[in-house]
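What follows is the content of entry_30.txt (compact mmCIF, C-alpha atoms).
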# COMPACT_ATOMS: atom_id res chain seq x y z
CA MET F 1 39.74 -18.22 17.55
CA ASN F 2 37.90 -16.47 20.43
CA ALA F 3 35.04 -14.46 19.01
CA ASN F 4 32.40 -11.95 19.95
CA PHE F 5 28.94 -13.29 20.55
CA PRO F 6 26.95 -12.66 17.34
CA GLU F 7 24.74 -9.56 17.67
CA SER F 8 21.87 -11.21 15.82
CA SER F 9 22.06 -14.54 17.68
CA LEU F 10 18.83 -16.11 18.87
CA LEU F 11 20.56 -16.37 22.27
CA LYS F 12 21.53 -12.69 22.50
CA ASN F 13 19.00 -11.82 25.24
CA VAL F 14 18.83 -15.18 27.00
CA PRO F 15 19.89 -14.84 30.67
CA HIS F 16 23.09 -16.73 31.44
CA ASP F 17 25.88 -17.07 33.99
CA TYR F 18 28.57 -18.12 31.53
CA MET F 19 29.16 -17.40 27.85
CA ASP F 20 31.89 -17.97 25.28
CA SER F 21 32.25 -17.90 21.51
CA TYR F 22 34.77 -19.37 19.09
CA SER F 23 34.97 -18.77 15.36
CA ALA F 24 36.81 -19.86 12.27
CA VAL F 25 36.76 -18.76 8.66
CA LEU F 26 34.60 -21.05 6.58
CA ASN F 27 35.04 -20.61 2.84
CA ALA F 28 31.95 -22.58 1.85
CA LYS F 29 29.04 -20.46 0.68
CA ASP F 30 26.36 -23.03 -0.10
CA LEU F 31 26.15 -24.76 3.27
CA ILE F 32 22.89 -25.82 4.80
CA PHE F 33 22.31 -26.27 8.51
CA GLU F 34 21.94 -30.00 8.27
CA GLN F 35 25.61 -30.12 7.23
CA VAL F 36 26.65 -27.76 10.04
CA GLY F 37 24.63 -29.67 12.64
CA ILE F 38 25.98 -33.04 11.56
CA SER F 39 29.55 -31.69 11.53
CA PHE F 40 29.07 -30.63 15.18
CA PHE F 41 28.31 -34.23 16.11
CA THR F 42 31.03 -35.81 13.97
CA SER F 43 34.00 -33.46 14.37
CA ASP F 44 35.05 -34.35 17.88
CA PRO F 45 38.31 -36.23 18.32
CA ALA F 46 38.23 -39.65 20.03
CA TRP F 47 39.44 -38.23 23.36
CA VAL F 48 36.28 -36.11 23.58
CA GLY F 49 34.17 -39.26 23.30
CA TRP F 50 36.12 -40.79 26.15
CA LEU F 51 35.58 -37.68 28.28
CA PHE F 52 31.83 -37.79 27.61
CA ALA F 53 31.72 -41.46 28.57
CA LEU F 54 33.53 -40.65 31.83
CA ARG F 55 31.20 -37.69 32.42
CA ASN F 56 28.13 -39.87 31.89
CA THR F 57 29.40 -42.47 34.36
CA ILE F 58 30.11 -39.88 37.05
CA VAL F 59 26.96 -37.76 36.71
CA SER F 60 24.63 -40.75 36.54
CA PHE F 61 25.36 -41.25 40.26
CA LEU F 62 24.20 -37.67 40.88
CA GLY F 63 20.92 -38.18 39.02
CA LEU F 64 21.85 -35.81 36.18
CA LYS F 65 20.98 -36.39 32.54
CA THR F 66 23.27 -38.51 30.41
CA SER F 67 23.41 -39.31 26.71
CA ASN F 68 21.36 -42.27 25.62
CA SER F 69 23.32 -45.29 24.54
CA GLU F 70 23.98 -44.68 20.85
CA THR F 71 24.35 -48.14 19.39
CA ASP F 72 24.15 -46.98 15.79
CA ARG F 73 25.42 -43.41 15.62
CA GLN F 74 25.43 -43.36 11.80
CA LYS F 75 21.73 -44.27 11.77
CA LEU F 76 20.97 -41.48 14.26
CA LEU F 77 22.97 -39.00 12.18
CA ALA F 78 21.26 -40.08 8.95
CA GLY F 79 17.88 -39.08 10.39
CA PHE F 80 19.11 -35.82 11.92
CA ASN F 81 18.21 -32.64 10.01
CA CYS F 82 18.38 -29.92 12.70
CA GLU F 83 14.61 -29.61 13.11
CA VAL F 84 13.30 -28.04 16.30
CA GLY F 85 12.53 -30.78 18.82
CA GLN F 86 14.93 -33.34 17.34
CA ARG F 87 17.40 -34.94 19.71
CA LEU F 88 20.83 -36.43 19.16
CA GLY F 89 22.50 -37.76 22.29
CA LEU F 90 22.38 -35.20 25.08
CA PHE F 91 21.53 -32.39 22.66
CA LYS F 92 18.05 -31.21 21.65
CA VAL F 93 17.36 -28.67 18.90
CA PHE F 94 15.63 -25.71 20.57
CA ASP F 95 15.46 -23.12 17.79
CA LYS F 96 16.68 -22.33 14.33
CA ASN F 97 16.53 -19.74 11.59
CA GLU F 98 18.29 -19.16 8.27
CA HIS F 99 21.71 -18.54 9.85
CA GLU F 100 21.67 -20.28 13.23
CA VAL F 101 20.62 -23.42 15.05
CA ILE F 102 20.39 -23.65 18.84
CA ILE F 103 21.02 -26.97 20.55
CA GLY F 104 21.39 -27.83 24.21
CA GLU F 105 19.70 -29.33 27.23
CA ASP F 106 17.85 -28.38 30.39
CA ASP F 107 18.63 -30.20 33.63
CA ARG F 108 17.94 -29.60 37.29
CA HIS F 109 21.43 -28.21 37.97
CA LEU F 110 21.94 -26.07 34.86
CA ASP F 111 20.69 -25.35 31.34
CA PHE F 112 23.07 -24.94 28.43
CA ARG F 113 22.67 -23.80 24.85
CA VAL F 114 25.08 -24.02 21.95
CA SER F 115 24.66 -21.71 18.97
CA LEU F 116 25.94 -22.86 15.60
CA PHE F 117 25.95 -19.56 13.72
CA LEU F 118 26.89 -19.01 10.07
CA ASP F 119 27.95 -15.44 9.40
CA ARG F 120 27.69 -15.54 5.63
CA GLN F 121 28.98 -11.96 5.20
CA SER F 122 32.30 -12.69 6.87
CA ASN F 123 32.34 -16.41 5.92
CA LYS F 124 32.67 -17.45 9.56
CA LEU F 125 31.31 -20.25 11.64
CA ILE F 126 30.76 -19.04 15.20
CA VAL F 127 30.06 -21.58 17.94
CA SER F 128 28.82 -19.98 21.16
CA THR F 129 27.85 -21.53 24.46
CA ILE F 130 25.76 -20.10 27.27
CA VAL F 131 25.14 -21.75 30.63
CA LYS F 132 22.53 -20.85 33.25
CA PHE F 133 23.10 -22.31 36.73
CA HIS F 134 20.08 -23.30 38.80
CA ASN F 135 21.82 -24.10 42.08
CA TRP F 136 25.13 -24.81 43.78
CA LEU F 137 25.33 -28.22 42.08
CA GLY F 138 25.35 -26.50 38.69
CA ARG F 139 28.19 -24.22 39.72
CA LEU F 140 30.10 -27.13 41.27
CA TYR F 141 29.55 -29.32 38.19
CA PHE F 142 30.82 -26.60 35.85
CA LEU F 143 34.08 -26.00 37.77
CA PRO F 144 35.88 -29.07 36.35
CA VAL F 145 33.92 -28.95 33.07
CA LYS F 146 34.94 -25.39 32.14
CA PRO F 147 38.66 -26.04 31.42
CA PHE F 148 37.74 -29.06 29.27
CA HIS F 149 35.04 -27.03 27.51
CA LYS F 150 37.66 -24.40 26.61
CA LEU F 151 39.80 -27.15 25.02
CA ILE F 152 37.01 -29.11 23.36
CA VAL F 153 35.03 -26.36 21.63
CA PRO F 154 37.92 -24.74 19.69
CA THR F 155 39.07 -28.23 18.66
CA MET F 156 35.56 -29.04 17.47
CA VAL F 157 35.26 -25.75 15.55
CA LYS F 158 38.47 -26.56 13.67
CA GLY F 159 37.20 -30.06 12.97
CA MET F 160 33.82 -28.73 11.79
CA VAL F 161 35.47 -26.31 9.36
CA LYS F 162 37.76 -29.02 8.03
CA GLN F 163 34.78 -31.30 7.49
CA LEU F 164 32.56 -28.62 5.92
CA ILE F 165 35.07 -27.37 3.35
CA GLN F 166 35.86 -30.82 1.97
How does the structure come out when it is put into structure tokens?
Amino acid sequence: MNANFPESSLLKNVPHDYMDSYSAVLNAKDLIFEQVGISFFTSDPAWVGWLFALRNTIVSFLGLKTSNSETDRQKLLAGFNCEVGQRLGLFKVFDKNEHEVIIGEDDRHLDFRVSLFLDRQSNKLIVSTIVKFHNWLGRLYFLPVKPFHKLIVPTMVKGMVKQLIQ
């Protein structure tokens, strides 16, 4: 499930302090990025939602960004089509091309980007994350986040693939 960072990724030359990539075979040739993007936001198990809610409660006391209250998630998802500048929760679409969309957020303690990359030659979905720390708070924040990140992302990749091949 661990993967190499895609050589042609839009994030390839972006400076970072942390990077990882996870992949899974995706036997679905006619996918469009709207489907991939929506699967990213709908493939997380319930326990991930609880962790994000806990995270938002804790970091709000530190003045860090939190997800907006999403009262009607289905309505938000219905209007989401992976266009640059669009936002869904804590994630903003920063860039996109024919095989990749970049989502993430900038904050005062760190910036992060997530690449949703379709390698159509090898039929793989590769989800990569990079993090750039701005200060000691960013490094401190990421210490407890990192082990959860390493559990959440592979779980989400599996869930995305399951959702996309149905």
Do you know which residues are at most 8 Å from Met160 in chain F counting only C-alpha atoms, after dropping those on the same chain fewer than 5 positions away, and could you put them as a ChimeraX atom specification?
/F:36,39-40,42-43
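Closest approach to Ala78 in chain F among F:Val114, F:Ala46, F:Lys96, F:Phe41: F:Phe41, based on only C-alpha atoms.
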What lies within 9 Å of Leu137 in chain F using all atoms listed in the file, ignoring chain neighbours under 4 positions off, as a count of residues only?
6
Report, in Å to a single decimal, how far apart CA of Phe91 in chain F and CA of Ser9 in chain F are.
18.5 Å
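From CA of Val157 in chain F back to CA of Asn2 in chain F, the distance works out to 10.8 Å.
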Counting all atoms listed in the file, note down every residue that has an atom within 12 Å of the point (17.5, -18.5, 26.0) (file coordinates), as a PDB file with C-alpha atoms, keeping the file's coordinate frame.
ATOM      1  CA  SER F   9      22.060 -14.540  17.680  1.00  0.00           C
ATOM      2  CA  LEU F  10      18.830 -16.110  18.870  1.00  0.00           C
ATOM      3  CA  LEU F  11      20.560 -16.370  22.270  1.00  0.00           C
ATOM      4  CA  LYS F  12      21.530 -12.690  22.500  1.00  0.00           C
ATOM      5  CA  ASN F  13      19.000 -11.820  25.240  1.00  0.00           C
ATOM      6  CA  VAL F  14      18.830 -15.180  27.000  1.00  0.00           C
ATOM      7  CA  PRO F  15      19.890 -14.840  30.670  1.00  0.00           C
ATOM      8  CA  HIS F  16      23.090 -16.730  31.440  1.00  0.00           C
ATOM      9  CA  ASP F  17      25.880 -17.070  33.990  1.00  0.00           C
ATOM     10  CA  MET F  19      29.160 -17.400  27.850  1.00  0.00           C
ATOM     11  CA  PHE F  94      15.630 -25.710  20.570  1.00  0.00           C
ATOM     12  CA  ASP F  95      15.460 -23.120  17.790  1.00  0.00           C
ATOM     13  CA  ILE F 102      20.390 -23.650  18.840  1.00  0.00           C
ATOM     14  CA  ILE F 103      21.020 -26.970  20.550  1.00  0.00           C
ATOM     15  CA  GLY F 104      21.390 -27.830  24.210  1.00  0.00           C
ATOM     16  CA  GLU F 105      19.700 -29.330  27.230  1.00  0.00           C
ATOM     17  CA  ASP F 106      17.850 -28.380  30.390  1.00  0.00           C
ATOM     18  CA  ASP F 111      20.690 -25.350  31.340  1.00  0.00           C
ATOM     19  CA  PHE F 112      23.070 -24.940  28.430  1.00  0.00           C
ATOM     20  CA  ARG F 113      22.670 -23.800  24.850  1.00  0.00           C
ATOM     21  CA  VAL F 114      25.080 -24.020  21.950  1.00  0.00           C
ATOM     22  CA  SER F 115      24.660 -21.710  18.970  1.00  0.00           C
ATOM     23  CA  THR F 129      27.850 -21.530  24.460  1.00  0.00           C
ATOM     24  CA  ILE F 130      25.760 -20.100  27.270  1.00  0.00           C
ATOM     25  CA  VAL F 131      25.140 -21.750  30.630  1.00  0.00           C
ATOM     26  CA  LYS F 132      22.530 -20.850  33.250  1.00  0.00           C
TER      27      LYS F 132
END
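Across the model, the gap from CA of Leu88 in chain F to CA of Met1 in chain F is 26.3 Å.
Residues with at least one atom no more than 10 Å from (34.0, -26.8, 11.3), using all atoms listed in the file, are Ser23, Ala24, Val25, Leu26, Gln35, Val36, Gly37, Ser39, Phe40, Thr42, Ser43, Leu116, Lys124, Leu125, Ile126, Val127, Pro154, Thr155, Met156, Val157, Lys158, Gly159, Met160, Val161, Lys162, Gln163, Leu164 and Ile165 of chain F.
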Ranking F:Asp30, F:His134, F:Leu77, F:Leu143 by minimum distance to Gly89 in chain F and counting all atoms listed in the file, which one comes first?
F:Leu77
